[in-house]
$ cat input_15.cif   # mmCIF, N, CA and C atoms
data_start
#
loop_
_atom_site.label_atom_id
_atom_site.label_comp_id
_atom_site.auth_asym_id
_atom_site.auth_seq_id
_atom_site.Cartn_x
_atom_site.Cartn_y
_atom_site.Cartn_z
N MET A 272 1.24 -18.82 30.56
CA MET A 272 1.35 -20.12 29.93
C MET A 272 0.17 -20.32 28.99
N THR A 273 0.49 -20.65 27.79
CA THR A 273 -0.53 -20.86 26.78
C THR A 273 -0.75 -22.36 26.60
N SER A 274 -2.03 -22.76 26.63
CA SER A 274 -2.28 -24.18 26.42
C SER A 274 -2.51 -24.42 24.94
N ARG A 275 -2.07 -25.54 24.51
CA ARG A 275 -2.25 -25.89 23.09
C ARG A 275 -3.27 -27.01 23.01
N PRO A 276 -4.01 -27.08 21.90
CA PRO A 276 -4.98 -28.16 21.75
C PRO A 276 -4.26 -29.51 21.72
N MET A 277 -4.94 -30.52 22.27
CA MET A 277 -4.35 -31.86 22.27
C MET A 277 -4.36 -32.41 20.84
N SER A 278 -3.28 -32.98 20.46
CA SER A 278 -3.24 -33.64 19.15
C SER A 278 -3.72 -35.07 19.34
N ASN A 279 -4.00 -35.76 18.25
CA ASN A 279 -4.42 -37.15 18.32
C ASN A 279 -3.38 -38.02 19.01
N ILE A 280 -2.13 -37.64 18.93
CA ILE A 280 -1.07 -38.40 19.56
C ILE A 280 -1.15 -38.26 21.08
N ASP A 281 -1.51 -37.07 21.56
CA ASP A 281 -1.57 -36.79 22.99
C ASP A 281 -2.83 -37.37 23.66
N LYS A 282 -3.89 -37.61 22.89
CA LYS A 282 -5.16 -38.06 23.47
C LYS A 282 -5.05 -39.51 23.92
N PRO A 283 -5.60 -39.80 25.09
CA PRO A 283 -5.58 -41.20 25.53
C PRO A 283 -6.49 -42.04 24.64
N LYS A 284 -6.08 -43.26 24.39
CA LYS A 284 -6.88 -44.15 23.56
C LYS A 284 -7.67 -45.08 24.47
N VAL A 285 -8.94 -45.22 24.19
CA VAL A 285 -9.78 -46.12 24.97
C VAL A 285 -10.51 -47.06 24.02
N ARG A 286 -10.75 -48.23 24.52
CA ARG A 286 -11.50 -49.21 23.72
C ARG A 286 -12.93 -49.19 24.27
N THR A 287 -13.89 -49.02 23.40
CA THR A 287 -15.28 -48.96 23.84
C THR A 287 -16.07 -50.10 23.22
N THR A 288 -17.11 -50.46 23.90
CA THR A 288 -18.08 -51.41 23.35
C THR A 288 -19.45 -50.74 23.40
N THR A 289 -20.30 -51.13 22.50
CA THR A 289 -21.63 -50.56 22.42
C THR A 289 -22.66 -51.67 22.53
N GLY A 290 -23.68 -51.45 23.33
CA GLY A 290 -24.79 -52.40 23.46
C GLY A 290 -26.06 -51.73 22.98
N ALA A 291 -27.11 -52.50 22.89
CA ALA A 291 -28.39 -51.95 22.45
C ALA A 291 -29.53 -52.68 23.15
N THR A 292 -30.62 -51.98 23.34
CA THR A 292 -31.84 -52.57 23.87
C THR A 292 -32.95 -52.27 22.87
N VAL A 293 -33.76 -53.26 22.57
CA VAL A 293 -34.86 -53.10 21.62
C VAL A 293 -36.17 -53.44 22.33
N THR A 294 -37.16 -52.59 22.19
CA THR A 294 -38.49 -52.85 22.73
C THR A 294 -39.42 -53.12 21.56
N LEU A 295 -40.07 -54.28 21.59
CA LEU A 295 -40.96 -54.69 20.51
C LEU A 295 -42.39 -54.84 21.02
N THR A 296 -43.33 -54.66 20.14
CA THR A 296 -44.72 -54.98 20.44
C THR A 296 -45.08 -56.16 19.56
N ILE A 297 -45.56 -57.23 20.16
CA ILE A 297 -45.93 -58.41 19.39
C ILE A 297 -47.36 -58.82 19.72
N GLN A 298 -47.95 -59.58 18.85
CA GLN A 298 -49.29 -60.11 19.08
C GLN A 298 -49.22 -61.62 19.02
N ILE A 299 -49.80 -62.27 20.01
CA ILE A 299 -49.84 -63.73 20.06
C ILE A 299 -51.29 -64.15 20.05
N SER A 300 -51.65 -64.98 19.10
CA SER A 300 -53.03 -65.46 18.97
C SER A 300 -53.15 -66.89 19.46
N ASN A 301 -54.37 -67.32 19.61
CA ASN A 301 -54.67 -68.71 19.99
C ASN A 301 -53.96 -69.13 21.27
N VAL A 302 -54.12 -68.32 22.31
CA VAL A 302 -53.46 -68.63 23.59
C VAL A 302 -54.32 -69.49 24.51
N GLY A 303 -55.48 -69.87 24.06
CA GLY A 303 -56.32 -70.73 24.87
C GLY A 303 -57.75 -70.74 24.38
N SER A 304 -58.52 -71.58 25.03
CA SER A 304 -59.94 -71.70 24.72
C SER A 304 -60.68 -71.91 26.04
N TRP A 305 -61.79 -71.24 26.20
CA TRP A 305 -62.53 -71.31 27.45
C TRP A 305 -63.99 -71.63 27.16
N GLY A 306 -64.60 -72.34 28.07
CA GLY A 306 -65.99 -72.73 27.92
C GLY A 306 -66.95 -71.62 28.30
N PRO A 307 -68.25 -71.84 28.06
CA PRO A 307 -69.25 -70.81 28.29
C PRO A 307 -69.43 -70.43 29.76
N ASP A 308 -69.02 -71.27 30.68
CA ASP A 308 -69.19 -70.98 32.10
C ASP A 308 -67.99 -70.25 32.71
N CYS A 309 -66.98 -70.02 31.92
CA CYS A 309 -65.76 -69.37 32.41
C CYS A 309 -65.98 -67.87 32.55
N GLN A 310 -65.54 -67.31 33.66
CA GLN A 310 -65.64 -65.87 33.88
C GLN A 310 -64.62 -65.14 33.01
N ILE A 311 -65.01 -63.96 32.51
CA ILE A 311 -64.15 -63.21 31.58
C ILE A 311 -62.83 -62.79 32.24
N ASP A 312 -62.83 -62.50 33.54
CA ASP A 312 -61.57 -62.12 34.19
C ASP A 312 -60.59 -63.29 34.20
N GLN A 313 -61.10 -64.50 34.26
CA GLN A 313 -60.24 -65.69 34.20
C GLN A 313 -59.63 -65.81 32.80
N VAL A 314 -60.41 -65.51 31.77
CA VAL A 314 -59.91 -65.55 30.39
C VAL A 314 -58.75 -64.57 30.24
N TYR A 315 -58.94 -63.33 30.67
CA TYR A 315 -57.89 -62.31 30.56
C TYR A 315 -56.63 -62.74 31.33
N ARG A 316 -56.81 -63.19 32.54
CA ARG A 316 -55.68 -63.59 33.38
C ARG A 316 -54.90 -64.75 32.77
N GLN A 317 -55.62 -65.79 32.37
CA GLN A 317 -54.95 -66.98 31.83
C GLN A 317 -54.33 -66.72 30.45
N ALA A 318 -54.98 -65.91 29.64
CA ALA A 318 -54.43 -65.58 28.32
C ALA A 318 -53.10 -64.84 28.46
N LEU A 319 -53.04 -63.91 29.40
CA LEU A 319 -51.81 -63.16 29.62
C LEU A 319 -50.69 -64.06 30.13
N VAL A 320 -51.01 -64.93 31.06
CA VAL A 320 -50.01 -65.86 31.60
C VAL A 320 -49.47 -66.76 30.49
N GLU A 321 -50.35 -67.27 29.64
CA GLU A 321 -49.93 -68.16 28.56
C GLU A 321 -49.07 -67.42 27.53
N ALA A 322 -49.44 -66.19 27.18
CA ALA A 322 -48.64 -65.42 26.22
C ALA A 322 -47.24 -65.17 26.76
N LYS A 323 -47.14 -64.78 28.03
CA LYS A 323 -45.82 -64.55 28.64
C LYS A 323 -45.01 -65.84 28.71
N ARG A 324 -45.67 -66.95 29.00
CA ARG A 324 -44.98 -68.25 29.06
C ARG A 324 -44.40 -68.60 27.70
N ARG A 325 -45.16 -68.37 26.64
CA ARG A 325 -44.68 -68.69 25.29
C ARG A 325 -43.47 -67.84 24.91
N ILE A 326 -43.53 -66.56 25.19
CA ILE A 326 -42.41 -65.67 24.84
C ILE A 326 -41.17 -66.05 25.65
N SER A 327 -41.34 -66.24 26.94
CA SER A 327 -40.20 -66.62 27.79
C SER A 327 -39.59 -67.93 27.31
N GLY A 328 -40.43 -68.88 26.94
CA GLY A 328 -39.93 -70.17 26.45
C GLY A 328 -39.19 -70.03 25.13
N ALA A 329 -39.73 -69.22 24.24
CA ALA A 329 -39.09 -69.04 22.93
C ALA A 329 -37.74 -68.36 23.04
N LEU A 330 -37.61 -67.45 23.99
CA LEU A 330 -36.36 -66.70 24.15
C LEU A 330 -35.48 -67.26 25.26
N GLY A 331 -35.93 -68.33 25.87
CA GLY A 331 -35.15 -68.92 26.94
C GLY A 331 -35.10 -68.05 28.19
N GLY A 332 -35.93 -67.01 28.25
CA GLY A 332 -35.96 -66.15 29.42
C GLY A 332 -34.72 -65.29 29.61
N ARG A 333 -33.83 -65.29 28.64
CA ARG A 333 -32.55 -64.57 28.78
C ARG A 333 -32.70 -63.09 28.48
N ASP A 334 -32.13 -62.28 29.34
CA ASP A 334 -32.04 -60.83 29.12
C ASP A 334 -33.35 -60.24 28.61
N MET A 335 -34.43 -60.59 29.25
CA MET A 335 -35.73 -60.15 28.78
C MET A 335 -36.58 -59.75 29.96
N ARG A 336 -37.40 -58.74 29.77
CA ARG A 336 -38.42 -58.39 30.75
C ARG A 336 -39.61 -57.83 30.00
N PHE A 337 -40.76 -57.92 30.61
CA PHE A 337 -41.97 -57.41 29.99
C PHE A 337 -42.15 -55.96 30.44
N VAL A 338 -42.33 -55.07 29.47
CA VAL A 338 -42.52 -53.65 29.78
C VAL A 338 -43.85 -53.20 29.20
N GLY A 339 -44.37 -52.15 29.72
CA GLY A 339 -45.63 -51.61 29.21
C GLY A 339 -46.83 -52.40 29.72
N GLU A 340 -47.96 -51.88 29.43
CA GLU A 340 -49.21 -52.47 29.86
C GLU A 340 -49.70 -53.43 28.78
N PRO A 341 -49.91 -54.72 29.11
CA PRO A 341 -50.38 -55.66 28.10
C PRO A 341 -51.83 -55.37 27.72
N ILE A 342 -52.17 -55.68 26.50
CA ILE A 342 -53.54 -55.53 26.00
C ILE A 342 -54.05 -56.93 25.70
N VAL A 343 -55.10 -57.33 26.38
CA VAL A 343 -55.71 -58.64 26.14
C VAL A 343 -57.09 -58.38 25.57
N ARG A 344 -57.39 -58.99 24.44
CA ARG A 344 -58.71 -58.88 23.84
C ARG A 344 -59.35 -60.26 23.84
N ALA A 345 -60.49 -60.36 24.47
CA ALA A 345 -61.21 -61.63 24.49
C ALA A 345 -62.28 -61.60 23.40
N ILE A 346 -62.35 -62.68 22.66
CA ILE A 346 -63.35 -62.80 21.58
C ILE A 346 -64.34 -63.87 22.00
N THR A 347 -65.59 -63.49 22.09
CA THR A 347 -66.61 -64.44 22.51
C THR A 347 -67.52 -64.76 21.33
N THR A 348 -68.10 -65.92 21.38
CA THR A 348 -69.06 -66.31 20.34
C THR A 348 -70.35 -66.73 21.03
N ASP A 349 -71.45 -66.52 20.36
CA ASP A 349 -72.74 -66.96 20.88
C ASP A 349 -72.95 -68.41 20.52
N MET A 350 -73.51 -69.15 21.45
CA MET A 350 -73.80 -70.55 21.17
C MET A 350 -75.29 -70.68 20.86
N GLU A 351 -75.58 -71.46 19.86
CA GLU A 351 -76.97 -71.71 19.49
C GLU A 351 -77.37 -73.07 20.00
N LEU A 352 -78.51 -73.16 20.62
CA LEU A 352 -79.00 -74.44 21.06
C LEU A 352 -79.53 -75.22 19.87
N LYS A 353 -79.12 -76.47 19.77
CA LYS A 353 -79.61 -77.32 18.68
C LYS A 353 -80.88 -77.99 19.15
N LYS A 354 -81.89 -78.01 18.28
CA LYS A 354 -83.17 -78.65 18.62
C LYS A 354 -83.29 -79.99 17.96
#
$ encode --input "input_15.cif" --output "C-alpha cells"
Amino acid sequence: MTSRPMSNIDKPKVRTTTGATVTLTIQISNVGSWGPDCQIDQVYRQALVEAKRRISGALGGRDMRFVGEPIVRAITTDMELKK
C-alpha cells in the first residue's frame, strides 16, 4: 500500500489564536523624598514599593507581574549648615 501526500482538501482545518508577552524595562523618577536621618535601606525599600505601586495603578494590575531584579539608585545631597 502506497501512501499519498495529504492534499489541502484532506487536511483538517483548525482555527488558531496567537497571544504575545512583552517584557519592558522602565525607569520611574521622583518616587519619594527622605530626610537626612533616614537610613539608606529604608530609602531603597520605600522607593521600590512606590515604583511598583505606580505601575500597578497605571495598568490596573491586570495581566502583569514584575520580573527580573529591580535596580534602585539613591541620590543623596550634602546639606550645608547656614550660619
$ closest_residue --input "input_15.cif" --among "A:Gln310, A:Thr287, A:Thr348, A:Ser300" --to "Arg325 in chain A" --atoms "only C-alpha atoms"
A:Ser300
$ atom_distance --input "input_15.cif" --atom1 "CA of Val343 in chain A" --atom2 "atom C of Leu330 in chain A"
22.0 Å
$ select_by_dssp --input "input_15.cif" --residues "chain A" --states "helix (DSSP H, G or I)" --output "list in words"
Ile311, Asp312, Gln313, Val314, Tyr315, Arg316, Gln317, Ala318, Leu319, Val320, Glu321, Ala322, Lys323, Arg324, Arg325, Ile326, Ser327, Gly328, Ala329 and Leu330 of chain A
$ atom_distance --input "input_15.cif" --atom1 "CA of Val338 in chain A" --atom2 "CA of Gln313 in chain A"
21.9 Å
$ resolve_selection --input "input_15.cif" --expression "the PyMOL selection byres (((chain A and resi 341 and name CA) around 12) and name CA)" --output "VMD selection string"
chain A and resid 296 to 299 315 to 316 318 to 320 322 to 323 337 to 340 342 to 344
$ atom_distance --input "input_15.cif" --atom1 "CA of Gly331 in chain A" --atom2 "CA of Asp312 in chain A"
28.2 Å
$ axis_aligned_box --input "input_15.cif" --around "range 326-333 of chain A" --padding-each-side "5 Å" --output "lines of an AutoDock Vina configuration file"
center_x = -38.0
center_y = -66.6
center_z = 26.3
size_x = 21.0
size_y = 17.1
size_z = 16.7
$ resolve_selection --input "input_15.cif" --expression "the PyMOL selection byres ((chain A and resi 303) around 8)" --output "list in words"
Ser300, Asn301, Val302, Ser304, Trp305, Gly306, Gln317, Ala318, Glu321 and Ala322 of chain A
$ write_last_selection --input "input_15.cif" --atoms "N, CA and C atoms" --output "mmCIF file, in the coordinates of the input"
data_model
loop_
_atom_site.group_PDB
_atom_site.id
_atom_site.type_symbol
_atom_site.label_atom_id
_atom_site.label_comp_id
_atom_site.auth_asym_id
_atom_site.auth_seq_id
_atom_site.Cartn_x
_atom_site.Cartn_y
_atom_site.Cartn_z
ATOM 1 N N SER A 300 -51.650 -64.980 19.100
ATOM 2 C CA SER A 300 -53.030 -65.460 18.970
ATOM 3 C C SER A 300 -53.150 -66.890 19.460
ATOM 4 N N ASN A 301 -54.370 -67.320 19.610
ATOM 5 C CA ASN A 301 -54.670 -68.710 19.990
ATOM 6 C C ASN A 301 -53.960 -69.130 21.270
ATOM 7 N N VAL A 302 -54.120 -68.320 22.310
ATOM 8 C CA VAL A 302 -53.460 -68.630 23.590
ATOM 9 C C VAL A 302 -54.320 -69.490 24.510
ATOM 10 N N SER A 304 -58.520 -71.580 25.030
ATOM 11 C CA SER A 304 -59.940 -71.700 24.720
ATOM 12 C C SER A 304 -60.680 -71.910 26.040
ATOM 13 N N TRP A 305 -61.790 -71.240 26.200
ATOM 14 C CA TRP A 305 -62.530 -71.310 27.450
ATOM 15 C C TRP A 305 -63.990 -71.630 27.160
ATOM 16 N N GLY A 306 -64.600 -72.340 28.070
ATOM 17 C CA GLY A 306 -65.990 -72.730 27.920
ATOM 18 C C GLY A 306 -66.950 -71.620 28.300
ATOM 19 N N GLN A 317 -55.620 -65.790 32.370
ATOM 20 C CA GLN A 317 -54.950 -66.980 31.830
ATOM 21 C C GLN A 317 -54.330 -66.720 30.450
ATOM 22 N N ALA A 318 -54.980 -65.910 29.640
ATOM 23 C CA ALA A 318 -54.430 -65.580 28.320
ATOM 24 C C ALA A 318 -53.100 -64.840 28.460
ATOM 25 N N GLU A 321 -50.350 -67.270 29.640
ATOM 26 C CA GLU A 321 -49.930 -68.160 28.560
ATOM 27 C C GLU A 321 -49.070 -67.420 27.530
ATOM 28 N N ALA A 322 -49.440 -66.190 27.180
ATOM 29 C CA ALA A 322 -48.640 -65.420 26.220
ATOM 30 C C ALA A 322 -47.240 -65.170 26.760
#
$ closest_residue --input "input_15.cif" --among "A:Thr347, A:Asp334, A:Pro276, A:Lys353" --to "Val293 in chain A" --atoms "only C-alpha atoms"
A:Asp334
